[in-house]
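K.L.:
Next up, coords-v4.txt (compact mmCIF, C-alpha atoms).
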# COMPACT_ATOMS: atom_id res chain seq x y z
CA MET A 620 -28.75 47.18 23.71
CA VAL A 621 -25.52 45.20 23.17
CA ALA A 622 -23.16 45.15 26.10
CA LYS A 623 -19.69 46.39 25.30
CA GLN A 624 -17.16 43.57 25.54
CA ALA A 625 -14.01 44.32 27.50
CA LEU A 626 -10.86 44.18 25.41
CA MET A 627 -8.24 41.67 26.50
CA PRO A 628 -4.70 43.04 26.45
CA LEU A 629 -2.12 41.29 24.32
CA ARG A 630 0.46 41.51 27.07
CA SER A 631 -0.60 39.21 29.89
CA SER A 632 -1.76 41.07 32.98
CA LYS A 633 -1.92 37.88 35.03
CA GLN A 634 1.22 36.80 36.82
CA VAL A 635 2.08 33.13 36.46
CA GLU A 636 1.79 31.42 39.82
CA ASP A 637 4.95 30.31 41.61
CA PRO A 638 5.14 26.65 40.57
CA LEU A 639 7.15 25.63 43.62
CA ASN A 640 4.83 26.33 46.55
CA ASP A 641 3.16 22.92 46.78
CA ILE A 642 6.46 21.12 46.17
CA ARG A 643 8.10 22.99 49.03
CA LYS A 644 5.29 21.79 51.30
CA LEU A 645 5.88 18.11 50.53
CA GLU A 646 7.14 15.80 53.26
CA THR A 647 10.48 14.08 52.75
CA ILE A 648 10.45 11.08 50.41
CA GLU A 649 12.67 8.03 50.93
CA CYS A 650 14.43 6.78 47.80
CA GLY A 651 13.06 3.43 46.66
CA ALA A 652 9.49 2.19 47.03
CA ALA A 653 8.24 5.43 48.60
CA ALA A 654 9.67 7.50 45.75
CA ARG A 655 8.33 5.07 43.12
CA ALA A 656 4.78 5.86 44.27
CA HIS A 657 5.25 9.40 42.93
CA PHE A 658 5.79 8.16 39.37
CA ALA A 659 3.33 6.84 36.79
CA PHE A 660 4.73 3.29 36.64
CA PRO A 661 1.98 0.64 36.76
CA ASP A 662 2.16 -2.09 39.39
CA GLY A 663 4.55 -4.86 38.43
CA TYR A 664 6.52 -2.75 35.95
CA ARG A 665 10.26 -2.33 36.51
CA ASN A 666 11.72 0.55 34.53
CA LEU A 667 15.20 -0.93 34.14
CA ASN A 668 16.10 1.30 31.18
CA HIS A 669 15.41 4.66 32.79
CA GLY A 670 18.40 6.25 31.09
CA SER A 671 17.01 6.06 27.56
CA PHE A 672 14.18 8.55 27.91
CA GLY A 673 13.80 9.31 31.61
CA THR A 674 10.56 10.14 33.37
CA TYR A 675 9.34 12.46 36.11
CA PRO A 676 7.11 12.46 39.22
CA SER A 677 3.48 13.52 39.37
CA ALA A 678 4.35 16.81 41.08
CA ILE A 679 6.37 17.81 38.03
CA ARG A 680 3.74 16.50 35.64
CA SER A 681 1.16 18.87 37.12
CA LYS A 682 3.53 21.82 36.56
CA PHE A 683 4.20 20.66 33.01
CA HIS A 684 0.46 20.59 32.30
CA LYS A 685 -0.01 23.97 33.99
CA PHE A 686 2.51 25.65 31.69
CA ALA A 687 0.92 23.99 28.67
CA ASP A 688 -2.49 25.29 29.79
CA LEU A 689 -1.15 28.81 30.25
CA SER A 690 0.24 28.80 26.73
CA GLU A 691 -3.21 27.87 25.40
CA GLU A 692 -5.13 30.46 27.43
CA ARG A 693 -3.34 33.39 25.75
CA PRO A 694 -0.88 31.96 23.24
CA ASP A 695 0.63 35.23 22.00
CA ALA A 696 0.87 36.85 25.40
CA PHE A 697 2.38 33.78 27.02
CA ILE A 698 4.86 32.85 24.27
CA ARG A 699 6.02 36.41 23.59
CA TYR A 700 6.12 37.84 27.12
CA ASP A 701 5.69 35.28 29.92
CA TYR A 702 7.74 32.47 28.41
CA PRO A 703 11.03 34.44 28.06
CA ARG A 704 10.86 35.46 31.73
CA LEU A 705 10.14 31.92 32.87
CA LEU A 706 12.85 30.57 30.59
CA ASP A 707 15.40 32.85 32.24
CA GLU A 708 14.29 31.52 35.63
CA SER A 709 14.92 27.98 34.42
CA ARG A 710 18.32 28.93 33.02
CA LYS A 711 19.22 30.51 36.35
CA ALA A 712 18.12 27.40 38.24
CA ILE A 713 20.18 24.98 36.14
CA ALA A 714 23.18 27.33 35.97
CA ASP A 715 23.29 27.46 39.77
CA PHE A 716 22.83 23.68 39.92
CA VAL A 717 25.91 22.99 37.78
CA HIS A 718 27.95 25.97 39.11
CA ALA A 719 28.09 27.77 35.78
CA PRO A 720 27.51 31.39 34.70
CA ILE A 721 23.94 31.90 33.51
CA ASP A 722 25.22 33.60 30.35
CA ALA A 723 26.84 30.31 29.35
CA CYS A 724 23.64 28.27 29.70
CA VAL A 725 20.74 27.81 27.30
CA LEU A 726 18.08 25.11 27.01
CA ILE A 727 17.57 22.95 23.93
CA SER A 728 15.61 19.79 23.19
CA ASN A 729 18.25 17.05 23.57
CA ALA A 730 21.95 16.25 23.66
CA THR A 731 22.11 15.13 20.01
CA THR A 732 20.95 18.60 18.97
CA GLY A 733 23.73 20.19 21.01
CA ILE A 734 26.40 18.00 19.42
CA ASN A 735 25.04 18.96 16.00
CA ILE A 736 25.03 22.68 16.84
CA VAL A 737 28.73 22.58 17.68
CA LEU A 738 29.87 20.42 14.77
CA ARG A 739 27.79 22.32 12.20
CA ASN A 740 28.96 25.75 13.40
CA LEU A 741 32.68 25.09 13.39
CA VAL A 742 34.44 25.90 10.13
CA PHE A 743 36.79 23.02 9.33
CA LYS A 744 39.90 23.36 7.18
CA PRO A 745 41.94 20.72 5.34
CA GLY A 746 43.99 18.79 7.88
CA ASP A 747 41.53 19.30 10.75
CA VAL A 748 40.75 16.05 12.57
CA ILE A 749 37.78 15.23 14.81
CA ILE A 750 38.73 12.71 17.51
CA TYR A 751 36.07 10.45 18.98
CA PHE A 752 36.01 7.36 21.18
CA ALA A 753 34.94 3.81 20.36
CA THR A 754 31.91 4.07 22.66
CA ILE A 755 30.47 7.16 20.95
CA TYR A 756 26.67 7.37 20.84
CA GLY A 757 25.41 6.25 17.43
CA ALA A 758 23.68 9.50 16.45
CA CYS A 759 26.79 11.49 17.33
CA GLY A 760 28.97 9.11 15.36
CA LYS A 761 26.75 9.57 12.32
CA THR A 762 26.91 13.34 12.76
CA ILE A 763 30.69 13.13 12.55
CA SER A 764 30.32 10.98 9.42
CA TYR A 765 28.11 13.68 7.89
CA ILE A 766 30.60 16.41 8.77
CA THR A 767 33.49 14.50 7.20
CA GLU A 768 31.39 13.94 4.06
CA THR A 769 30.49 17.62 3.67
CA THR A 770 33.57 19.48 4.98
CA PRO A 771 37.35 19.05 4.72
CA ALA A 772 37.42 17.56 8.24
CA GLU A 773 38.69 14.05 8.88
CA SER A 774 37.88 11.82 11.84
CA ARG A 775 39.90 9.45 13.99
CA GLN A 776 38.63 6.93 16.53
CA VAL A 777 40.41 6.13 19.79
CA GLU A 778 40.57 2.34 19.93
CA TYR A 779 40.37 0.38 23.20
CA THR A 780 38.58 -2.56 24.80
CA TYR A 781 36.78 -2.63 28.14
CA PRO A 782 37.65 -3.15 30.90
CA ILE A 783 40.34 -0.48 30.74
CA SER A 784 41.93 1.72 33.38
CA ASP A 785 41.52 5.48 33.27
CA ASP A 786 45.28 5.82 32.83
CA ALA A 787 45.27 3.51 29.80
CA LEU A 788 42.31 5.29 28.21
CA CYS A 789 43.94 8.69 28.61
CA SER A 790 47.18 7.30 27.20
CA ALA A 791 45.33 5.93 24.17
CA PHE A 792 43.83 9.40 23.64
CA GLU A 793 47.24 11.06 23.83
CA ASP A 794 48.71 8.50 21.45
CA VAL A 795 46.09 9.43 18.85
CA ILE A 796 46.80 13.14 19.33
CA LYS A 797 50.54 12.59 18.87
CA ASP A 798 49.99 10.45 15.79
CA ILE A 799 47.75 13.08 14.17
CA LYS A 800 50.32 15.80 14.83
CA ALA A 801 53.10 13.56 13.50
CA GLN A 802 51.18 13.40 10.22
CA GLY A 803 51.22 17.19 10.03
CA LYS A 804 47.50 17.43 10.77
CA ASN A 805 45.54 19.39 13.36
CA PRO A 806 43.58 17.62 16.12
CA ARG A 807 40.83 20.25 16.06
CA LEU A 808 38.11 18.77 18.28
CA ALA A 809 37.61 15.82 20.59
CA THR A 810 34.20 14.57 21.66
CA TYR A 811 33.68 12.11 24.50
CA ASP A 812 31.09 11.08 27.08
CA THR A 813 30.80 11.71 30.77
CA ILE A 814 29.11 8.32 31.05
CA ALA A 815 28.90 6.13 27.96
CA SER A 816 25.70 4.17 27.34
CA LEU A 817 26.97 1.10 25.43
CA PRO A 818 28.50 -0.13 27.66
CA GLY A 819 27.21 1.95 30.55
CA VAL A 820 30.47 3.10 32.14
CA ARG A 821 31.87 6.29 33.56
CA MET A 822 34.66 7.84 31.51
CA PRO A 823 37.51 9.94 32.95
CA PHE A 824 35.98 13.04 31.38
CA GLU A 825 37.69 15.40 33.80
CA ARG A 826 41.13 14.15 32.74
CA LEU A 827 40.19 14.09 29.07
CA THR A 828 39.10 17.73 29.30
CA ALA A 829 42.41 18.68 30.92
CA LEU A 830 44.28 16.86 28.14
CA CYS A 831 42.31 18.80 25.54
CA LYS A 832 43.41 22.05 27.20
CA ASP A 833 47.03 20.89 27.25
CA HIS A 834 46.96 20.13 23.51
CA GLY A 835 44.82 23.09 22.37
CA ILE A 836 41.93 20.85 21.30
CA PHE A 837 38.27 21.96 21.40
CA SER A 838 36.56 19.77 24.03
CA LEU A 839 32.97 18.77 23.21
CA ILE A 840 31.43 16.69 25.99
CA ASP A 841 28.42 14.50 25.27
CA ALA A 842 27.04 14.47 28.80
CA ALA A 843 23.66 13.00 27.90
CA HIS A 844 23.96 10.89 31.06
CA SER A 845 25.28 13.17 33.77
CA VAL A 846 23.29 16.00 35.37
CA GLY A 847 20.94 14.51 37.93
CA GLY A 848 22.95 11.30 38.18
CA ILE A 849 26.43 12.45 39.23
CA PRO A 850 27.75 15.73 40.67
CA ILE A 851 28.78 18.20 37.96
CA ASP A 852 30.73 21.44 38.45
CA LEU A 853 31.07 23.14 35.08
CA GLY A 854 32.93 26.07 36.55
CA LYS A 855 35.68 23.70 37.63
CA LEU A 856 35.51 21.39 34.59
CA ASP A 857 35.51 24.30 32.10
CA PRO A 858 34.98 22.44 28.80
CA ASP A 859 34.68 24.25 25.49
CA ALA A 860 31.13 22.91 25.03
CA TYR A 861 28.98 20.57 27.09
CA VAL A 862 25.47 19.26 26.53
CA THR A 863 23.45 17.17 28.98
CA ASN A 864 19.90 15.89 28.89
CA LEU A 865 17.78 17.03 31.82
CA HIS A 866 14.94 14.63 31.01
CA LYS A 867 17.04 11.53 31.70
CA TRP A 868 18.15 11.85 35.33
CA LEU A 869 17.00 15.26 36.62
CA PHE A 870 13.24 14.47 36.40
CA VAL A 871 12.43 17.18 33.85
CA PRO A 872 9.82 16.29 31.18
CA ARG A 873 11.30 15.33 27.82
CA GLY A 874 12.83 16.75 25.80
CA CYS A 875 15.01 19.21 27.63
CA ALA A 876 18.78 19.61 27.70
CA LEU A 877 21.31 22.08 29.02
CA PHE A 878 23.67 23.40 26.35
CA TYR A 879 26.70 25.04 27.96
CA VAL A 880 29.11 27.14 25.91
CA PRO A 881 31.43 29.53 27.78
CA VAL A 882 31.45 33.12 26.58
CA ARG A 883 34.90 32.66 25.03
CA ASN A 884 33.42 30.27 22.44
CA GLN A 885 30.00 31.78 21.81
CA HIS A 886 31.15 33.81 18.82
CA VAL A 887 31.82 30.50 17.04
CA MET A 888 28.30 29.16 17.68
CA ARG A 889 26.58 31.62 15.36
CA SER A 890 23.47 29.62 14.51
CA THR A 891 21.00 27.57 16.45
CA LEU A 892 19.59 24.38 14.95
CA PRO A 893 17.38 25.18 13.15
CA THR A 894 18.44 28.74 12.35
CA SER A 895 15.74 31.10 13.62
CA HIS A 896 14.92 34.74 14.33
CA GLY A 897 17.84 35.34 16.69
CA PHE A 898 20.49 34.70 14.06
CA VAL A 899 22.61 37.77 13.28
CA PRO A 900 23.81 37.72 9.64
CA GLN A 901 27.16 39.14 8.64
CA PRO A 902 26.80 42.80 7.51
CA THR A 903 26.45 43.14 3.74
CA GLY A 904 26.10 46.92 3.44
CA ASP A 905 22.71 46.44 1.79
CA ALA A 906 20.03 47.98 4.00
CA SER A 907 17.28 46.36 1.94
CA ALA A 908 18.55 42.94 3.04
CA ALA A 909 17.67 43.64 6.70
CA GLN A 910 15.38 40.98 8.16
CA ILE A 911 12.71 41.64 10.75
CA ASN A 912 12.66 39.78 14.05
CA PRO A 913 8.95 39.53 15.02
CA LEU A 914 9.71 38.73 18.66
CA PRO A 915 9.83 41.36 21.43
CA PRO A 916 13.37 42.55 22.18
CA GLY A 917 15.04 40.79 25.08
CA LYS A 918 17.47 41.89 27.78
CA ASN A 919 20.01 39.10 27.34
CA THR A 920 23.09 38.87 25.14
CA ALA A 921 22.63 38.17 21.44
CA TYR A 922 23.84 34.60 21.99
CA ILE A 923 21.25 33.89 24.70
CA GLU A 924 18.46 35.62 22.76
CA ASN A 925 19.30 33.39 19.80
CA TYR A 926 18.01 30.39 21.76
CA LYS A 927 14.79 31.98 22.97
CA PHE A 928 12.75 30.87 19.97
CA LEU A 929 13.71 28.04 17.59
CA GLY A 930 10.44 27.80 15.73
CA THR A 931 7.01 26.98 17.14
CA LEU A 932 7.37 24.17 19.68
CA ASP A 933 5.89 23.21 23.01
CA ASN A 934 8.71 24.27 25.29
CA SER A 935 6.78 23.60 28.50
CA PRO A 936 9.46 21.08 29.63
CA TYR A 937 12.04 23.88 29.77
CA LEU A 938 9.96 25.71 32.35
CA CYS A 939 9.86 22.71 34.71
CA VAL A 940 13.56 22.81 35.63
CA PRO A 941 13.14 24.80 38.88
CA ALA A 942 10.33 22.50 40.02
CA ALA A 943 12.38 19.37 39.30
CA ILE A 944 15.36 20.69 41.25
CA GLU A 945 13.09 21.66 44.16
CA TRP A 946 11.40 18.22 44.21
CA ARG A 947 14.77 16.48 44.40
CA LYS A 948 15.49 18.30 47.67
CA LYS A 949 12.75 16.21 49.30
CA LEU A 950 14.47 12.87 48.66
CA THR A 951 16.35 11.06 51.43
CA TRP A 952 18.49 7.91 51.67
CA GLN A 953 20.44 6.55 54.62
CA GLY A 954 20.23 9.84 56.47
CA LYS A 955 21.34 11.87 53.46
CA HIS A 956 19.23 14.48 51.71
CA GLY A 957 18.73 15.87 48.22
CA GLU A 958 21.44 15.40 45.62
CA VAL A 959 23.80 13.49 47.90
CA ALA A 960 21.02 11.03 48.69
CA ILE A 961 20.08 10.58 45.03
CA TYR A 962 23.63 10.02 43.79
CA GLY A 963 24.36 7.56 46.59
CA TYR A 964 21.14 5.64 46.08
CA LEU A 965 21.56 5.36 42.30
CA GLU A 966 25.11 4.02 42.51
CA ASP A 967 24.29 1.67 45.38
CA LEU A 968 21.21 0.29 43.61
CA ALA A 969 23.09 -0.28 40.34
CA GLN A 970 25.90 -2.12 42.11
CA LYS A 971 23.55 -4.28 44.16
CA ALA A 972 21.51 -5.17 41.07
CA GLY A 973 24.67 -6.01 39.15
CA LYS A 974 25.79 -8.39 41.89
CA ILE A 975 22.39 -10.09 42.02
CA VAL A 976 22.23 -10.68 38.26
CA SER A 977 25.89 -11.68 37.86
CA THR A 978 25.56 -14.15 40.73
CA LYS A 979 22.44 -15.69 39.19
CA LEU A 980 24.13 -16.00 35.79
CA GLY A 981 27.43 -17.17 37.22
CA THR A 982 29.30 -14.38 35.45
CA ASP A 983 30.84 -11.06 36.48
CA ILE A 984 30.46 -7.27 36.36
CA LEU A 985 32.37 -5.07 33.93
CA ASP A 986 34.80 -2.93 35.92
CA ASN A 987 38.47 -2.00 36.16
CA ASP A 988 40.85 -2.41 39.09
CA GLU A 989 40.19 1.09 40.44
CA HIS A 990 36.40 0.61 40.09
CA SER A 991 36.05 3.91 38.25
CA LEU A 992 33.80 2.45 35.52
CA THR A 993 30.99 1.77 38.00
CA LYS A 994 31.11 5.13 39.81
CA CYS A 995 27.70 5.94 38.37
CA PHE A 996 24.15 4.64 37.98
CA PHE A 997 25.01 1.91 35.42
CA ASN A 998 26.23 -1.66 35.80
CA ASN A 999 27.10 -4.13 33.05
CA VAL A 1000 26.78 -7.88 33.60
CA ARG A 1001 28.45 -10.39 31.29
CA LEU A 1002 26.05 -12.82 29.64
CA PRO A 1003 26.87 -16.54 29.97
CA LEU A 1004 27.82 -16.82 26.30
CA ASP A 1005 31.10 -17.91 24.76
CA TYR A 1006 31.96 -15.69 21.81
CA GLN A 1007 34.22 -18.22 20.10
CA GLN A 1008 32.13 -21.29 20.86
CA ASP A 1009 28.65 -19.93 20.12
CA ALA A 1010 29.42 -17.75 17.12
CA GLY A 1011 32.71 -18.97 15.78
CA GLY A 1012 34.19 -15.55 16.40
CA ASP A 1013 31.61 -13.78 14.23
CA PHE A 1014 30.56 -10.63 16.09
CA ALA A 1015 27.26 -10.10 14.22
CA THR A 1016 26.17 -13.65 15.05
CA ALA A 1017 27.17 -13.18 18.68
CA VAL A 1018 25.03 -10.03 18.89
CA THR A 1019 22.07 -11.90 17.39
CA ILE A 1020 22.46 -14.70 19.94
CA ALA A 1021 22.69 -12.18 22.77
Take the structure in the file and write it out as structure tokens.
P.N.:
Amino acid sequence: MVAKQALMPLRSSKQVEDPLNDIRKLETIECGAAARAHFAFPDGYRNLNHGSFGTYPSAIRSKFHKFADLSEERPDAFIRYDYPRLLDESRKAIADFVHAPIDACVLISNATTGINIVLRNLVFKPGDVIIYFATIYGACGKTISYITETTPAESRQVEYTYPISDDALCSAFEDVIKDIKAQGKNPRLATYDTIASLPGVRMPFERLTALCKDHGIFSLIDAAHSVGGIPIDLGKLDPDAYVTNLHKWLFVPRGCALFYVPVRNQHVMRSTLPTSHGFVPQPTGDASAAQINPLPPGKNTAYIENYKFLGTLDNSPYLCVPAAIEWRKKLTWQGKHGEVAIYGYLEDLAQKAGKIVSTKLGTDILDNDEHSLTKCFFNNVRLPLDYQQDAGGDFATAVTIA
């Protein structure tokens, strides 16, 4: 006699465990050597370039693996039913963290993708100009080049040389805006960093955003280096679009980024990248052209549902956001706790390291008179090289020497 095998339901009947219990039970962790022990760095390795790809502690790694395991135990049930619920929990966690409405926050793979989503959704007309800054991230600069090759849009770079004061940088931005308008053209969009990477300096992004509002310019902030490294209040900042990597400084597994678009601009961002099941085509009047969405219906707005599924990917990193935020609460430094401790430690460490290296080299640190450039986790030390003497003024040769 063959025993009857019990049927397994498609919809998961097992609740996913709360991933935060063991993190909440952790003792406090002092920033520095004690915190380093929680990461996978081998002895003797100094991760000086943390900002490029980021990393995360072992407590988060175990959660990351747990979510990956759950998706393999019952792939359909997890991806179709459990994942959307967990994704909403992550969106809620990061929305609260940056003081933003949850309906303005979705998760994507990286900041470059977010910049592309905005630039590829906007419809540019002849005379529209995209403004960008000299320190733009290379991939974003090339995206602008692509847009100007394939649409009527033009681009204009804000020229300046570091060190520069915040006042001077904002004035240079306004000068470009005025010049574009004087030519009878439309400064349609401006994109700029919170913290640039080459060189690693903080930009006056709050003032630049206010200037965009004053001039009716769409503000697109490349905040790849921000959340987890400096305090961010998106409710107060109120940009038109903002994208920040969470795998760089927030201790979320890569790749994971917050893509913030306020409700007022969501109608413009019609498609994800790539376009997927959540896209809503313009009505054609042809019922036969209707396309089936194979995913279960969701409870969120059409814009939020659009970002629930962008093709088959391992989105386990997205589900680790609450755990990463909870783990950060355990960190301490000089009597401070959580985010205040982390921000203080990062800035203090960068400045101390900059002084050590610049003293050894007999050079100096890149900063302005108000010291706003170094109000972050980066420091730039001048190399002991003479541009004119060593390279005859040739920049490419100077870079090779450096």
K.L.:
Tell me, in Å to one decimal, how far atom CA of A:Thr674 is from atom CA of A:Ala687.
P.N.:
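Atom-to-atom, atom CA of A:Thr674 and atom CA of A:Ala687 are spaced 17.5 Å apart.
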K.L.:
In terms of the shortest atom-to-atom distance over only C-alpha atoms, which of A:Ala969, A:Ile814, A:Leu830, A:Leu706 is closest to A:Pro936?
P.N.:
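That would be A:Leu706, the residue with the smallest distance to A:Pro936.
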K.L.:
Counting all atoms listed in the file, figure out which residue out of A:Tyr964, A:Phe898, A:Tyr779, A:Phe824 gets nearest to A:Leu929.
P.N.:
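Result for the nearest residue to A:Leu929: A:Phe898.
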K.L.:
Tell me, as a ChimeraX atom specification, which residues lie within 10 Å of A:Ala921, counting only C-alpha atoms; anything in the same chain fewer than 2 positions away does not count.
P.N.:
/A:885-886,889,897-899,917-919,923-926
K.L.:
Write out as an MDAnalysis selection string each polymer residue whose atoms come within 8 Å of A:Thr951, counting only C-alpha atoms; drop sequence neighbours fewer than 3 positions from it.
P.N.:
chainID A and resid 647:650 954:957 960:961
K.L.:
Sorted by chain and rising residue number, which residues of stretch 701-814 of chain A lie within 6 Å of stretch 867-880 of chain A, and what are their closest atom pairs and distances in Å to one decimal, counting only C-alpha atoms, as a tab-separated table?
P.N.:
residue	atom	partner	partner_atom	distance
A:Ala723	CA	A:Val880	CA	5.2
A:Cys724	CA	A:Tyr879	CA	4.8
A:Val725	CA	A:Phe878	CA	5.4
A:Leu726	CA	A:Leu877	CA	4.9
A:Ile727	CA	A:Ala876	CA	5.2
A:Ser728	CA	A:Cys875	CA	4.5
A:Asn729	CA	A:Ala876	CA	4.9
K.L.:
With the input short on atoms, add N, CA and C atoms back to stretch 698-725 of chain A and write it as a CSV table (one decimal), in the frame of the given file.
P.N.:
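File produced: rebuild-v3.csv:
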chain,number,residue,atom,x,y,z
A,698,ILE,N,3.6,33.2,25.0
A,698,ILE,CA,4.9,32.8,24.3
A,698,ILE,C,5.8,34.1,24.1
A,699,ARG,N,5.2,35.2,23.9
A,699,ARG,CA,6.0,36.4,23.6
A,699,ARG,C,6.5,37.1,24.9
A,700,TYR,N,5.8,37.0,26.0
A,700,TYR,CA,6.1,37.8,27.1
A,700,TYR,C,6.4,37.0,28.4
A,701,ASP,N,5.5,36.1,28.7
A,701,ASP,CA,5.7,35.3,29.9
A,701,ASP,C,6.8,34.2,29.8
A,702,TYR,N,6.8,33.6,28.6
A,702,TYR,CA,7.7,32.5,28.4
A,702,TYR,C,9.2,32.9,28.5
A,703,PRO,N,9.6,34.0,27.9
A,703,PRO,CA,11.0,34.4,28.1
A,703,PRO,C,11.4,34.7,29.5
A,704,ARG,N,10.5,35.2,30.3
A,704,ARG,CA,10.9,35.5,31.7
A,704,ARG,C,11.0,34.1,32.5
A,705,LEU,N,10.1,33.2,32.2
A,705,LEU,CA,10.1,31.9,32.9
A,705,LEU,C,11.3,31.1,32.4
A,706,LEU,N,11.7,31.3,31.1
A,706,LEU,CA,12.8,30.6,30.6
A,706,LEU,C,14.1,31.0,31.3
A,707,ASP,N,14.2,32.3,31.5
A,707,ASP,CA,15.4,32.8,32.2
A,707,ASP,C,15.5,32.3,33.7
A,708,GLU,N,14.3,32.1,34.3
A,708,GLU,CA,14.3,31.5,35.6
A,708,GLU,C,14.8,30.1,35.6
A,709,SER,N,14.4,29.4,34.6
A,709,SER,CA,14.9,28.0,34.4
A,709,SER,C,16.4,28.0,34.2
A,710,ARG,N,16.9,28.9,33.3
A,710,ARG,CA,18.3,28.9,33.0
A,710,ARG,C,19.1,29.3,34.3
A,711,LYS,N,18.6,30.2,35.1
A,711,LYS,CA,19.2,30.5,36.4
A,711,LYS,C,19.3,29.3,37.3
A,712,ALA,N,18.2,28.6,37.3
A,712,ALA,CA,18.1,27.4,38.2
A,712,ALA,C,19.2,26.3,37.9
A,713,ILE,N,19.2,26.0,36.6
A,713,ILE,CA,20.2,25.0,36.1
A,713,ILE,C,21.6,25.5,36.2
A,714,ALA,N,21.8,26.8,35.9
A,714,ALA,CA,23.2,27.3,36.0
A,714,ALA,C,23.7,27.2,37.4
A,715,ASP,N,22.9,27.6,38.4
A,715,ASP,CA,23.3,27.5,39.8
A,715,ASP,C,23.6,26.0,40.1
A,716,PHE,N,22.7,25.1,39.6
A,716,PHE,CA,22.8,23.7,39.9
A,716,PHE,C,24.2,23.1,39.5
A,717,VAL,N,24.7,23.5,38.3
A,717,VAL,CA,25.9,23.0,37.8
A,717,VAL,C,27.1,24.0,38.0
A,718,HIS,N,26.9,25.0,38.8
A,718,HIS,CA,28.0,26.0,39.1
A,718,HIS,C,28.5,26.6,37.9
A,719,ALA,N,27.7,27.1,37.0
A,719,ALA,CA,28.1,27.8,35.8
A,719,ALA,C,27.5,29.2,35.7
A,720,PRO,N,28.1,30.1,34.9
A,720,PRO,CA,27.5,31.4,34.7
A,720,PRO,C,26.2,31.2,33.9
A,721,ILE,N,25.2,32.0,34.2
A,721,ILE,CA,23.9,31.9,33.5
A,721,ILE,C,24.1,32.3,32.0
A,722,ASP,N,25.0,33.2,31.7
A,722,ASP,CA,25.2,33.6,30.4
A,722,ASP,C,25.9,32.6,29.5
A,723,ALA,N,26.3,31.4,30.1
A,723,ALA,CA,26.8,30.3,29.4
A,723,ALA,C,25.8,29.2,29.1
A,724,CYS,N,24.6,29.4,29.7
A,724,CYS,CA,23.6,28.3,29.7
A,724,CYS,C,22.4,28.6,28.9
A,725,VAL,N,22.0,27.7,28.0
A,725,VAL,CA,20.7,27.8,27.3
A,725,VAL,C,20.1,26.4,27.3
